[in-house]
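I have placed the structure first, in the form of structure tokens, so that the comments after it can refer back to it.
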Amino acid sequence: VRVYFNVDYVVGDFQQDNVSDRLSILKEIWSKTPVPPIKITYDSASLWKEVTRIVYPVCVYYNRRAPYLCAYGQDAKNKKQLVYKNYRLDRIMDLKEICWNAPEVPPALRNDLSTPSDEKYTPAHIIERLDEALGFDFYQPKATMILRFPRDFHDAYIENTIRHQTFQILEAEKDFTNLLQKLNLTSEAQTILKQRRERFPDDAYYQLDYRLNDNDVIMRLRAWGYNVEVL
């Protein structure tokens, strides 16, 4: 063998059997028609506690360091709200299938999934949303950022690379100005950004759509370090 791939994986050895068990259960669930909802107990890092919620499992997606269950159902913070959420498989402490007519299934969730073929609750919908903006939290609001790369760094490491479908160079000053107007910035903000461009006229400027509050976006920017400025 002459070709090797090293894929980052943060799931510990002692947790991998649990992940395999979760995948096996989900595979069996997805073989049924209609696909039933599930009840999960999740060790939430953001809430610092375990929560039990009822959700509809859509797909499993590997993102950088671990496999995640993409599901639609009760919000971890407020079970009365129905939202999309990514759940890291190794943090799902328990997962069991339940019936659609079970009294514990929220009526709103049952109503939302009354049409199983609804595009909103399919893997295709998630892929489409991921293509719309950088970031794995596809359910978060979308925004646009403008980036500046020093010319030497850009020419060596950024030019002719694929970062995201929305990662596009602003080749001319006109492109830069048009984007500022499209973003509905105040005249004062536009002036400040134009002055910044005038200060570094030879550098490379890009636009990028991204998901707000998405940790993957922060990690991408940190990886570039001082070689990028977010305007």
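Naming scheme: A, B, ... for chains in displayed order of the structure tokens; residues 1 onward per chain; ligands 1 onward as shown.
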- With a distance cut-off of 8 Å and only C-alpha atoms, select the neighbouring residues of Tyr87 in chain A, excluding the residue or stretch itself and same-chain residues fewer than 4 positions from it, and output the selection as a PyMOL selection string. chain A and resi 42+68-71+91-92
Export N, CA and C atoms of the chosen residues as a PDB file, in the first residue's frame?
```pdb
ATOM      1  N   TYR A  42     -29.243  12.452  25.480  1.00  0.00           N
ATOM      2  CA  TYR A  42     -28.051  13.073  24.912  1.00  0.00           C
ATOM      3  C   TYR A  42     -27.265  13.821  25.983  1.00  0.00           C
ATOM      4  N   TYR A  68     -22.205  12.346  13.137  1.00  0.00           N
ATOM      5  CA  TYR A  68     -23.313  13.033  13.786  1.00  0.00           C
ATOM      6  C   TYR A  68     -24.642  12.508  13.240  1.00  0.00           C
ATOM      7  N   LEU A  69     -25.633  12.470  14.116  1.00  0.00           N
ATOM      8  CA  LEU A  69     -26.995  12.200  13.694  1.00  0.00           C
ATOM      9  C   LEU A  69     -27.679  13.533  13.420  1.00  0.00           C
ATOM     10  N   CYS A  70     -28.136  13.727  12.187  1.00  0.00           N
ATOM     11  CA  CYS A  70     -28.918  14.909  11.841  1.00  0.00           C
ATOM     12  C   CYS A  70     -30.389  14.553  12.046  1.00  0.00           C
ATOM     13  N   ALA A  71     -31.051  15.264  12.939  1.00  0.00           N
ATOM     14  CA  ALA A  71     -32.417  14.903  13.290  1.00  0.00           C
ATOM     15  C   ALA A  71     -33.283  16.140  13.462  1.00  0.00           C
ATOM     16  N   ARG A  91     -22.047  10.881  21.947  1.00  0.00           N
ATOM     17  CA  ARG A  91     -22.643  11.562  23.096  1.00  0.00           C
ATOM     18  C   ARG A  91     -24.119  11.180  23.271  1.00  0.00           C
ATOM     19  N   ILE A  92     -24.619  10.321  22.386  1.00  0.00           N
ATOM     20  CA  ILE A  92     -25.967   9.780  22.571  1.00  0.00           C
ATOM     21  C   ILE A  92     -25.864   8.592  23.529  1.00  0.00           C
TER      22      ILE A  92
END
```
Per residue of range 101-164 of chain A within 10 Å of range 183-198 of chain A, record the nearest atom pair and its distance in Å to one decimal, counting only C-alpha atoms, with rows in chain order and ascending residue number, as a tab-separated table.
```
residue	atom	partner	partner_atom	distance
A:Ala143	CA	A:Leu183	CA	9.5
A:Thr144	CA	A:Leu183	CA	8.0
A:Met145	CA	A:Leu183	CA	9.8
A:Ile146	CA	A:Leu193	CA	9.6
A:Arg148	CA	A:Arg197	CA	8.6
```
Next on the checklist: Taking only range 7-145 of chain A into account, list the residues labelled strand (DSSP E or B) by DSSP (computed from the backbone), as number ranges by chain.
Outcome noted: A: 38-44, 49-63, 66-74, 82-88, 92-97, 134, 142-145
Checklist line | Neighbour list for range 211-217 of chain A as a PyMOL selection string, cut-off 9 Å, only C-alpha atoms, skip fewer than 4 positions in-chain | finding: chain A and resi 64+133-144+221-222
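Note that the spacing between CA of Glu119 in chain A and CA of Leu82 in chain A amounts to 16.6 Å.
Taking CA of Leu180 in chain A as the reference point, CA of Pro150 in chain A is found at 20.4 Å.
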Requested in this report: Taking the DSSP assignment computed from this structure's backbone, write out as a PyMOL selection string all residues of range 5-228 of chain A that belong to alpha helix (DSSP H).
Outcome: chain A and resi 13-30+107-112+123-132+151-153+173-182+187-199+215-224
The residue from A:Ser31, A:Gln207, A:Ser44, A:Thr161 with the smallest atom-to-atom distance to Asn178 in chain A, counting only C-alpha atoms, is A:Gln207
Computed gap from CA of Val10 in chain A to CA of Asp43 in chain A is 15.7 Å
field: Neighbour list for Leu95 in chain A as a list in words, cut-off 9 Å, only C-alpha atoms, skip fewer than 4 positions in-chain
entry: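 In the requested form, the answer reads Arg22, Ile25, Leu26, Ile38, Lys39, Ile40, Thr41 and Tyr42 of chain A.
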Can you write just those residues out, C-alpha atoms, as a PDB file, in the first residue's frame?
```pdb
ATOM      1  CA  ARG A  22     -26.191   3.374  17.466  1.00  0.00           C
ATOM      2  CA  ILE A  25     -30.086   0.603  15.420  1.00  0.00           C
ATOM      3  CA  LEU A  26     -30.481   3.520  13.010  1.00  0.00           C
ATOM      4  CA  ILE A  38     -36.747   7.837  18.237  1.00  0.00           C
ATOM      5  CA  LYS A  39     -36.188   8.814  21.846  1.00  0.00           C
ATOM      6  CA  ILE A  40     -32.597   9.772  22.635  1.00  0.00           C
ATOM      7  CA  THR A  41     -30.782  10.629  25.830  1.00  0.00           C
ATOM      8  CA  TYR A  42     -28.051  13.073  24.912  1.00  0.00           C
TER       9      TYR A  42
END
```
Q.
With distances taken over only C-alpha atoms, which residue among A:Ala45, A:Ala108, A:Ala66, A:Leu147 lies nearest Trp224 in chain A?
A.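 Selected residue with least distance to Trp224 in chain A: A:Leu147.
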Do a neighbour search on Pro36 in chain A at 9 Å with only C-alpha atoms, toss out local chain neighbours closer than 3 positions, and write the hits as a PyMOL selection string.
chain A and resi 29-30+32-33+56-57+97-100
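Residues in contact range of range 162-169 of chain A, defined as at most 7 Å between only C-alpha atoms, with sequence neighbours fewer than 2 positions away removed, read Asp131, Ala133, Leu134, Asn160, Glu171, Tyr205, Tyr206, Gln207, Leu208 and Asp209 of chain A.
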Residue neighbourhood range 12-17 of chain A, 12 Å, only C-alpha atoms, exclusion window fewer than 6 positions, as a ChimeraX atom specification: /A:23-24,65-67,88-93
Written file, previous selection with all heavy atoms, as a PDB file, in the first residue's frame:
```pdb
ATOM      1  N   LEU A  23     -25.348   3.090  15.202  1.00  0.00           N
ATOM      2  CA  LEU A  23     -25.468   2.989  13.749  1.00  0.00           C
ATOM      3  C   LEU A  23     -26.298   1.778  13.339  1.00  0.00           C
ATOM      4  O   LEU A  23     -27.105   1.849  12.406  1.00  0.00           O
ATOM      5  CB  LEU A  23     -24.080   2.922  13.112  1.00  0.00           C
ATOM      6  CG  LEU A  23     -23.262   4.222  13.125  1.00  0.00           C
ATOM      7  CD1 LEU A  23     -21.831   3.952  12.671  1.00  0.00           C
ATOM      8  CD2 LEU A  23     -23.910   5.269  12.238  1.00  0.00           C
ATOM      9  N   SER A  24     -26.120   0.682  14.037  1.00  0.00           N
ATOM     10  CA  SER A  24     -26.885  -0.531  13.725  1.00  0.00           C
ATOM     11  C   SER A  24     -28.366  -0.320  13.977  1.00  0.00           C
ATOM     12  O   SER A  24     -29.218  -0.736  13.185  1.00  0.00           O
ATOM     13  CB  SER A  24     -26.366  -1.715  14.558  1.00  0.00           C
ATOM     14  OG  SER A  24     -25.034  -2.018  14.227  1.00  0.00           O
ATOM     15  N   ARG A  65     -14.441  15.397  12.557  1.00  0.00           N
ATOM     16  CA  ARG A  65     -13.849  14.634  13.646  1.00  0.00           C
ATOM     17  C   ARG A  65     -14.728  13.531  14.215  1.00  0.00           C
ATOM     18  O   ARG A  65     -14.275  12.764  15.048  1.00  0.00           O
ATOM     19  CB  ARG A  65     -13.453  15.595  14.784  1.00  0.00           C
ATOM     20  CG  ARG A  65     -12.427  16.633  14.363  1.00  0.00           C
ATOM     21  CD  ARG A  65     -12.383  17.812  15.311  1.00  0.00           C
ATOM     22  NE  ARG A  65     -13.657  18.505  15.380  1.00  0.00           N
ATOM     23  CZ  ARG A  65     -14.089  19.379  14.473  1.00  0.00           C
ATOM     24  NH1 ARG A  65     -13.335  19.664  13.434  1.00  0.00           N
ATOM     25  NH2 ARG A  65     -15.262  19.964  14.594  1.00  0.00           N
ATOM     26  N   ALA A  66     -15.998  13.476  13.797  1.00  0.00           N
ATOM     27  CA  ALA A  66     -16.897  12.483  14.392  1.00  0.00           C
ATOM     28  C   ALA A  66     -18.164  12.338  13.553  1.00  0.00           C
ATOM     29  O   ALA A  66     -18.519  13.241  12.800  1.00  0.00           O
ATOM     30  CB  ALA A  66     -17.261  12.903  15.819  1.00  0.00           C
ATOM     31  N   PRO A  67     -18.872  11.201  13.689  1.00  0.00           N
ATOM     32  CA  PRO A  67     -20.162  11.049  13.013  1.00  0.00           C
ATOM     33  C   PRO A  67     -21.275  11.698  13.834  1.00  0.00           C
ATOM     34  O   PRO A  67     -21.295  11.604  15.066  1.00  0.00           O
ATOM     35  CB  PRO A  67     -20.342   9.526  12.934  1.00  0.00           C
ATOM     36  CG  PRO A  67     -19.574   8.995  14.087  1.00  0.00           C
ATOM     37  CD  PRO A  67     -18.430   9.941  14.312  1.00  0.00           C
ATOM     38  N   ARG A  88     -23.830  14.419  18.136  1.00  0.00           N
ATOM     39  CA  ARG A  88     -22.659  13.565  17.968  1.00  0.00           C
ATOM     40  C   ARG A  88     -22.968  12.178  18.508  1.00  0.00           C
ATOM     41  O   ARG A  88     -23.419  12.033  19.639  1.00  0.00           O
ATOM     42  CB  ARG A  88     -21.450  14.176  18.688  1.00  0.00           C
ATOM     43  CG  ARG A  88     -20.142  13.923  17.950  1.00  0.00           C
ATOM     44  CD  ARG A  88     -19.005  14.691  18.538  1.00  0.00           C
ATOM     45  NE  ARG A  88     -18.436  14.011  19.696  1.00  0.00           N
ATOM     46  CZ  ARG A  88     -17.489  14.522  20.467  1.00  0.00           C
ATOM     47  NH1 ARG A  88     -17.017  15.720  20.212  1.00  0.00           N
ATOM     48  NH2 ARG A  88     -17.027  13.848  21.491  1.00  0.00           N
ATOM     49  N   LEU A  89     -22.722  11.158  17.695  1.00  0.00           N
ATOM     50  CA  LEU A  89     -23.171   9.816  18.042  1.00  0.00           C
ATOM     51  C   LEU A  89     -22.594   9.303  19.360  1.00  0.00           C
ATOM     52  O   LEU A  89     -23.282   8.617  20.115  1.00  0.00           O
ATOM     53  CB  LEU A  89     -22.819   8.836  16.918  1.00  0.00           C
ATOM     54  CG  LEU A  89     -23.751   8.815  15.700  1.00  0.00           C
ATOM     55  CD1 LEU A  89     -23.372   7.680  14.768  1.00  0.00           C
ATOM     56  CD2 LEU A  89     -25.197   8.681  16.118  1.00  0.00           C
ATOM     57  N   ASP A  90     -21.341   9.620  19.633  1.00  0.00           N
ATOM     58  CA  ASP A  90     -20.749   9.100  20.864  1.00  0.00           C
ATOM     59  C   ASP A  90     -21.297   9.782  22.112  1.00  0.00           C
ATOM     60  O   ASP A  90     -21.066   9.304  23.233  1.00  0.00           O
ATOM     61  CB  ASP A  90     -19.226   9.230  20.826  1.00  0.00           C
ATOM     62  CG  ASP A  90     -18.767  10.670  20.696  1.00  0.00           C
ATOM     63  OD1 ASP A  90     -19.121  11.316  19.686  1.00  0.00           O
ATOM     64  OD2 ASP A  90     -18.066  11.165  21.602  1.00  0.00           O
ATOM     65  N   ARG A  91     -22.047  10.881  21.947  1.00  0.00           N
ATOM     66  CA  ARG A  91     -22.643  11.562  23.096  1.00  0.00           C
ATOM     67  C   ARG A  91     -24.119  11.180  23.271  1.00  0.00           C
ATOM     68  O   ARG A  91     -24.776  11.679  24.180  1.00  0.00           O
ATOM     69  CB  ARG A  91     -22.506  13.081  22.949  1.00  0.00           C
ATOM     70  CG  ARG A  91     -21.059  13.556  22.854  1.00  0.00           C
ATOM     71  CD  ARG A  91     -20.968  15.076  22.893  1.00  0.00           C
ATOM     72  NE  ARG A  91     -21.224  15.558  24.225  1.00  0.00           N
ATOM     73  CZ  ARG A  91     -20.281  15.831  25.138  1.00  0.00           C
ATOM     74  NH1 ARG A  91     -19.017  15.647  24.845  1.00  0.00           N
ATOM     75  NH2 ARG A  91     -20.606  16.288  26.334  1.00  0.00           N
ATOM     76  N   ILE A  92     -24.619  10.321  22.386  1.00  0.00           N
ATOM     77  CA  ILE A  92     -25.967   9.780  22.571  1.00  0.00           C
ATOM     78  C   ILE A  92     -25.864   8.592  23.529  1.00  0.00           C
ATOM     79  O   ILE A  92     -25.316   7.545  23.191  1.00  0.00           O
ATOM     80  CB  ILE A  92     -26.582   9.339  21.226  1.00  0.00           C
ATOM     81  CG1 ILE A  92     -26.756  10.554  20.304  1.00  0.00           C
ATOM     82  CG2 ILE A  92     -27.925   8.655  21.447  1.00  0.00           C
ATOM     83  CD1 ILE A  92     -27.321  10.214  18.935  1.00  0.00           C
ATOM     84  N   MET A  93     -26.378   8.768  24.740  1.00  0.00           N
ATOM     85  CA  MET A  93     -26.235   7.761  25.779  1.00  0.00           C
ATOM     86  C   MET A  93     -27.240   6.625  25.616  1.00  0.00           C
ATOM     87  O   MET A  93     -26.977   5.487  26.025  1.00  0.00           O
ATOM     88  CB  MET A  93     -26.391   8.407  27.162  1.00  0.00           C
ATOM     89  CG  MET A  93     -25.589   9.684  27.352  1.00  0.00           C
ATOM     90  SD  MET A  93     -23.845   9.528  26.872  1.00  0.00           S
ATOM     91  CE  MET A  93     -23.271   8.346  28.085  1.00  0.00           C
TER      92      MET A  93
END
```
